[in-house]
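Asker: One structure follows; several queries about it will come next.
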There are 2 protein chains.
Amino acid sequence: MTRFDEFLKANEAFAASFTRGDLPMPPARKVAVVACMDARLHPEKALGIDIGDAHVIRNAGGRAQDALRSLVISQQLLGTREIVVLHHTDCGMLTFTNEQLAAKIAADLGVNVAGQDFLPFADLEQSVRDDVAFLRNSPLIPKDIPISGAIYDVRTGRVHEVARA
Amino acid sequence: MTRFDEFLKANEAFAASFTRGDLPMPPARKVAVVACMDARLHPEKALGIDIGDAHVIRNAGGRAQDALRSLVISQQLLGTREIVVLHHTDCGMLTFTNEQLAAKIAADLGVNVAGQDFLPFADLEQSVRDDVAFLRNSPLIPKDIPISGAIYDVRTGRVHEVARA
């Protein structure tokens with residue numbers, strides 16, 4: 001039995017009591033969150049986001065560069081007008097360099113990815129400031145869109161503000 | 001008051017009753033989900049994913065190409081051994097072409113993105129099959145990793161299987 005089979009089984013119970021089938025495509029609260037994929041971070045729970053409220057974009061690290069395509073679609077086609085970047089403590093992106101990961105991939109998979117940037121970081125707070133600045137300076141993000149950056153503490157569940165731009 | 005301020009306020013209540021601060025970095029159920037950013041889809045709720053269980057990667061459309069960096073990190077550094085791709089009905093990616101979006105961006109932002117692929121699709125089921133095939137054929141994804149693809153119905157909350165590879 002795969003995890004997929006377990007998910008299908010769990011979904012039967014979810015669908016049986018589902019009552020939010022009438023919502024429009026654009027997010028009600030007109031905001032997009034960029035967060036890490038980490039298993040311990042559930043952005044909707046941590047930030048009080050209900051079904052239909054917000055776009056939630058997630059990738060390894062919650063990196064803004066990797067989210068830009070999605071953010072442009074979110075704003076230009078679906079009307080969101082604010083961005084929140086959410087990284088977290090004990091992030092896997094703090095634990096490796098591009099060179100180390102490339103060496104592991106070469107050894108385990110026989111694939112050469114030398115030169116590819118997997119977007120790790122060495123300083124958590126700086127990674128949030130960098131991603132907020134990246135978005136603030138992007139010509140694809142309108143200048144009147146508020147952009148905030150924060151850190152989620154996986155030990156306490158608490159979010160603290162790092163940057164606004 | 002920004003949405004960010006509202007999120008910080010909501011987080012106070014979440015953190016006050018938080019009890020899952022003891023979990024390790026690798027996902028307990030060793031699975032990564034690739035899903036759309038859509039506001040109506042909360043993958044954890046729909047699939048029965050608890051805090052600490054699974055990596056959840058989300059982008060516009062739930063496209064696999066855009067998730068590859070994150071999946072490699074998930075598998076090579078954090079031990080996940082299965083992938084589930086989850087697209088959904090009434091997806092924004094069904095509503096535009098690259099040319100239309102490029103024209104809107106040129107008109108609204110004055111930026112030329114002609115030639116950039118924003119990964120829209122015209123056929124929902126085919127988009128899932130394409131993304132499962134993309135991952136199955138990637139040299140960066142080991143051949144023994146089960147990969148499944150499914151569609152979430154935003155009207156009913158129900159997930160149905162489209163592909164396994």
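Identifiers in this document derive from the order of the structure tokens: chains are assigned A, B, ..., residues are numbered from 1 separately in each chain, and ligands are numbered from 1 in order of occurrence.
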Just want the 10 Å neighbourhood of Ala46 of chain B, counted on only C-alpha atoms, with same-chain residues fewer than 3 positions away dropped. Output as a PDB file with N, CA and C atoms, in the first residue's frame.
Answerer:
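After the write, part.pdb holds the following:
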```
ATOM      1  N   PHE A   7      -3.720   8.235   1.028  1.00  0.00           N
ATOM      2  CA  PHE A   7      -4.318   9.564   0.793  1.00  0.00           C
ATOM      3  C   PHE A   7      -5.721   9.431   0.197  1.00  0.00           C
ATOM      4  N   LEU A   8      -5.890   8.526  -0.766  1.00  0.00           N
ATOM      5  CA  LEU A   8      -7.214   8.330  -1.371  1.00  0.00           C
ATOM      6  C   LEU A   8      -8.223   7.891  -0.316  1.00  0.00           C
ATOM      7  N   ALA A  10      -8.027   8.484   2.984  1.00  0.00           N
ATOM      8  CA  ALA A  10      -8.293   9.618   3.882  1.00  0.00           C
ATOM      9  C   ALA A  10      -9.206  10.630   3.209  1.00  0.00           C
ATOM     10  N   ASN A  11      -9.050  10.785   1.885  1.00  0.00           N
ATOM     11  CA  ASN A  11      -9.872  11.766   1.170  1.00  0.00           C
ATOM     12  C   ASN A  11     -11.350  11.396   1.169  1.00  0.00           C
ATOM     13  N   GLU A  12     -11.657  10.110   1.251  1.00  0.00           N
ATOM     14  CA  GLU A  12     -13.067   9.704   1.275  1.00  0.00           C
ATOM     15  C   GLU A  12     -13.790  10.341   2.462  1.00  0.00           C
ATOM     16  N   ALA A  13     -13.136  10.326   3.609  1.00  0.00           N
ATOM     17  CA  ALA A  13     -13.740  10.922   4.804  1.00  0.00           C
ATOM     18  C   ALA A  13     -13.839  12.437   4.667  1.00  0.00           C
ATOM     19  N   PHE A  14     -12.772  13.057   4.113  1.00  0.00           N
ATOM     20  CA  PHE A  14     -12.783  14.514   3.912  1.00  0.00           C
ATOM     21  C   PHE A  14     -13.927  14.915   2.992  1.00  0.00           C
ATOM     22  N   ALA A  15     -14.051  14.220   1.847  1.00  0.00           N
ATOM     23  CA  ALA A  15     -15.065  14.586   0.853  1.00  0.00           C
ATOM     24  C   ALA A  15     -16.475  14.361   1.390  1.00  0.00           C
ATOM     25  N   PHE A  18     -17.459  17.461   3.146  1.00  0.00           N
ATOM     26  CA  PHE A  18     -17.025  18.705   2.497  1.00  0.00           C
ATOM     27  C   PHE A  18     -18.210  19.622   2.216  1.00  0.00           C
TER      28      PHE A  18
ATOM     29  N   LEU B  41      -7.787  24.604  -2.515  1.00  0.00           N
ATOM     30  CA  LEU B  41      -7.180  23.296  -2.267  1.00  0.00           C
ATOM     31  C   LEU B  41      -6.247  23.394  -1.062  1.00  0.00           C
ATOM     32  N   HIS B  42      -6.582  22.716   0.027  1.00  0.00           N
ATOM     33  CA  HIS B  42      -5.672  22.592   1.164  1.00  0.00           C
ATOM     34  C   HIS B  42      -5.214  21.137   1.180  1.00  0.00           C
ATOM     35  N   PRO B  43      -4.046  20.852   0.608  1.00  0.00           N
ATOM     36  CA  PRO B  43      -3.641  19.449   0.421  1.00  0.00           C
ATOM     37  C   PRO B  43      -3.615  18.642   1.717  1.00  0.00           C
ATOM     38  N   ILE B  49      -3.056  14.677   5.836  1.00  0.00           N
ATOM     39  CA  ILE B  49      -1.629  14.840   6.155  1.00  0.00           C
ATOM     40  C   ILE B  49      -1.500  15.627   7.454  1.00  0.00           C
ATOM     41  N   TYR B 152      -8.112  16.862  -7.828  1.00  0.00           N
ATOM     42  CA  TYR B 152      -8.999  17.259  -6.729  1.00  0.00           C
ATOM     43  C   TYR B 152     -10.151  18.055  -7.317  1.00  0.00           C
ATOM     44  N   GLY B 157     -14.639  18.224  -3.142  1.00  0.00           N
ATOM     45  CA  GLY B 157     -13.570  17.845  -2.224  1.00  0.00           C
ATOM     46  C   GLY B 157     -12.989  16.472  -2.496  1.00  0.00           C
ATOM     47  N   ARG B 158     -13.469  15.828  -3.584  1.00  0.00           N
ATOM     48  CA  ARG B 158     -13.061  14.450  -3.847  1.00  0.00           C
ATOM     49  C   ARG B 158     -11.825  14.381  -4.754  1.00  0.00           C
ATOM     50  N   VAL B 159     -10.910  13.452  -4.472  1.00  0.00           N
ATOM     51  CA  VAL B 159      -9.712  13.207  -5.279  1.00  0.00           C
ATOM     52  C   VAL B 159      -9.918  11.937  -6.090  1.00  0.00           C
TER      53      VAL B 159
END
```
Asker: When you look at segment 94-97 of chain B with a cut-off of 12 Å (counting only C-alpha atoms), what residues show up, excluding the ones that are within fewer than 4 positions of it in the same chain? I need them as a list in words.
Answerer: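 The neighbour list is Met25, Ile73, Gln76, Leu77 and Leu78 of chain A; Ala60, Gly61, His87, His88, Thr89, Asp90, Leu101, Ala102, Ala103, Lys104, Ala114, Gly115, Gln116, Asp117, Phe118, Leu119, Pro120, Phe121, Ala122, Asp123, Leu124, Glu125, Gln126 and Ser127 of chain B.
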Asker: Rank nothing, just name the residue among B:Val113, B:Ile57, B:Ile83, B:Ala106 nearest to Ile147 of chain B, using only C-alpha atoms.
Answerer: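 Counting only C-alpha atoms, the residue closest to Ile147 of chain B is B:Ile83.
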Asker: As a list in words, which residues of segment 14-73 of chain B does DSSP assign to strand (DSSP E or B)?
Answerer: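 Those in segment 14-73 of chain B that DSSP calls strand (DSSP E or B) are Val31, Ala32, Val33, Val34, Ala35, Cys36, Ala54, His55, Val56, Ile57, Arg58 and Asn59 of chain B.
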Asker: Would you please work out which residue, of B:Ala28, B:Leu109, B:Ala54, B:Met37, is nearest to Ser138 of chain A when using only C-alpha atoms?
Answerer: B:Leu109
Asker: Please compute the atom CA of Leu47 of chain A-atom CA of Ile51 of chain B distance, one decimal, in Å.
Answerer: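 The value is 14.2 Å.
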Asker: I need the residue nearest chain A from this list: B:Met1, B:Ala163, B:Val31, B:Ala107. Use only C-alpha atoms for the distance.
Answerer: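 Of all the options, B:Val31 lies closest to chain A.
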Asker: Using only C-alpha atoms, can you tell me which of A:Val85, A:Leu135, A:Cys91, A:Ile145 comes closest to Arg40 of chain A?
Answerer: A:Cys91
Asker: Taking only C-alpha atoms into account, name the residue in B:Val128, B:Val154, B:Val33, B:Leu68 that is nearest to chain A.
Answerer: B:Val154
Asker: Pick from A:Leu140, A:Lys45, A:Val132, A:Ser148: nearest to Asp108 of chain B, with only C-alpha atoms counted?
Answerer: A:Leu140
Asker: To one decimal place, how far is atom CA of Ile141 of chain A from atom CA of Pro26 of chain A in Å?
Answerer: 17.9 Å
Asker: From a backbone DSSP assignment, name each residue in segment 76-137 of chain B labelled helix (DSSP H, G or I), as a PDB file with C-alpha atoms, in the first residue's frame.
Answerer:
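Output (states11.pdb):
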```
ATOM      1  CA  GLN B  76      18.421  13.236  -1.661  1.00  0.00           C
ATOM      2  CA  GLY B  92      -6.516  29.004 -13.511  1.00  0.00           C
ATOM      3  CA  MET B  93      -3.921  27.334 -15.729  1.00  0.00           C
ATOM      4  CA  LEU B  94      -6.765  26.287 -18.059  1.00  0.00           C
ATOM      5  CA  ASN B  98       1.570  32.210 -22.709  1.00  0.00           C
ATOM      6  CA  GLU B  99       0.916  34.767 -25.444  1.00  0.00           C
ATOM      7  CA  GLN B 100      -2.120  36.215 -23.636  1.00  0.00           C
ATOM      8  CA  LEU B 101      -0.269  36.492 -20.332  1.00  0.00           C
ATOM      9  CA  ALA B 102       2.778  38.047 -22.013  1.00  0.00           C
ATOM     10  CA  ALA B 103       0.517  40.645 -23.663  1.00  0.00           C
ATOM     11  CA  LYS B 104      -1.078  41.491 -20.287  1.00  0.00           C
ATOM     12  CA  ILE B 105       2.311  41.801 -18.580  1.00  0.00           C
ATOM     13  CA  ALA B 106       3.590  44.050 -21.382  1.00  0.00           C
ATOM     14  CA  ALA B 107       0.491  46.256 -21.093  1.00  0.00           C
ATOM     15  CA  ASP B 108       0.250  46.384 -17.273  1.00  0.00           C
ATOM     16  CA  LEU B 109       3.909  46.235 -16.197  1.00  0.00           C
ATOM     17  CA  LEU B 124      -6.529  18.866 -17.061  1.00  0.00           C
ATOM     18  CA  GLU B 125      -6.183  15.063 -17.090  1.00  0.00           C
ATOM     19  CA  GLN B 126      -3.401  15.293 -19.687  1.00  0.00           C
ATOM     20  CA  SER B 127      -1.545  17.820 -17.517  1.00  0.00           C
ATOM     21  CA  VAL B 128      -1.437  15.244 -14.723  1.00  0.00           C
ATOM     22  CA  ARG B 129      -0.269  12.477 -17.052  1.00  0.00           C
ATOM     23  CA  ASP B 130       2.368  14.820 -18.514  1.00  0.00           C
ATOM     24  CA  ASP B 131       3.721  15.727 -15.070  1.00  0.00           C
ATOM     25  CA  VAL B 132       3.840  12.109 -13.883  1.00  0.00           C
ATOM     26  CA  ALA B 133       5.666  11.175 -17.109  1.00  0.00           C
ATOM     27  CA  PHE B 134       8.061  14.109 -16.758  1.00  0.00           C
ATOM     28  CA  LEU B 135       9.093  12.896 -13.302  1.00  0.00           C
ATOM     29  CA  ARG B 136       9.232   9.222 -14.330  1.00  0.00           C
TER      30      ARG B 136
END
```
Asker: In Å, with one decimal, what is the gap from atom CA of Ala64 of chain A to atom CA of Asp50 of chain A?
Answerer: 23.0 Å
Asker: So that I can check the surroundings of Leu86 of chain A, please list as a list in words every protein, DNA and RNA residue that reaches within 8 Å of it, counting only C-alpha atoms and ignoring chain neighbours fewer than 6 positions away.
Answerer: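 So, after excluding close chain neighbours, the residues are Val33, Val34, Ala35, Cys36, Gly62, Val128, Gly149, Ala150, Ile151 and Tyr152 of chain A.
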Asker: Generate the output file for the selected residues, C-alpha atoms, as a tab-separated table (two decimals), in the first residue's frame.
Answerer:
```tsv
chain	number	residue	atom	x	y	z
A	33	VAL	CA	2.02	33.19	0.73
A	34	VAL	CA	5.44	31.84	-0.29
A	35	ALA	CA	6.50	29.18	2.24
A	36	CYS	CA	8.86	26.26	2.63
A	62	GLY	CA	10.29	29.04	0.45
A	128	VAL	CA	14.07	36.15	4.34
A	149	GLY	CA	8.87	38.33	5.42
A	150	ALA	CA	8.72	36.20	8.55
A	151	ILE	CA	10.11	33.11	10.27
A	152	TYR	CA	8.07	30.22	11.68
```
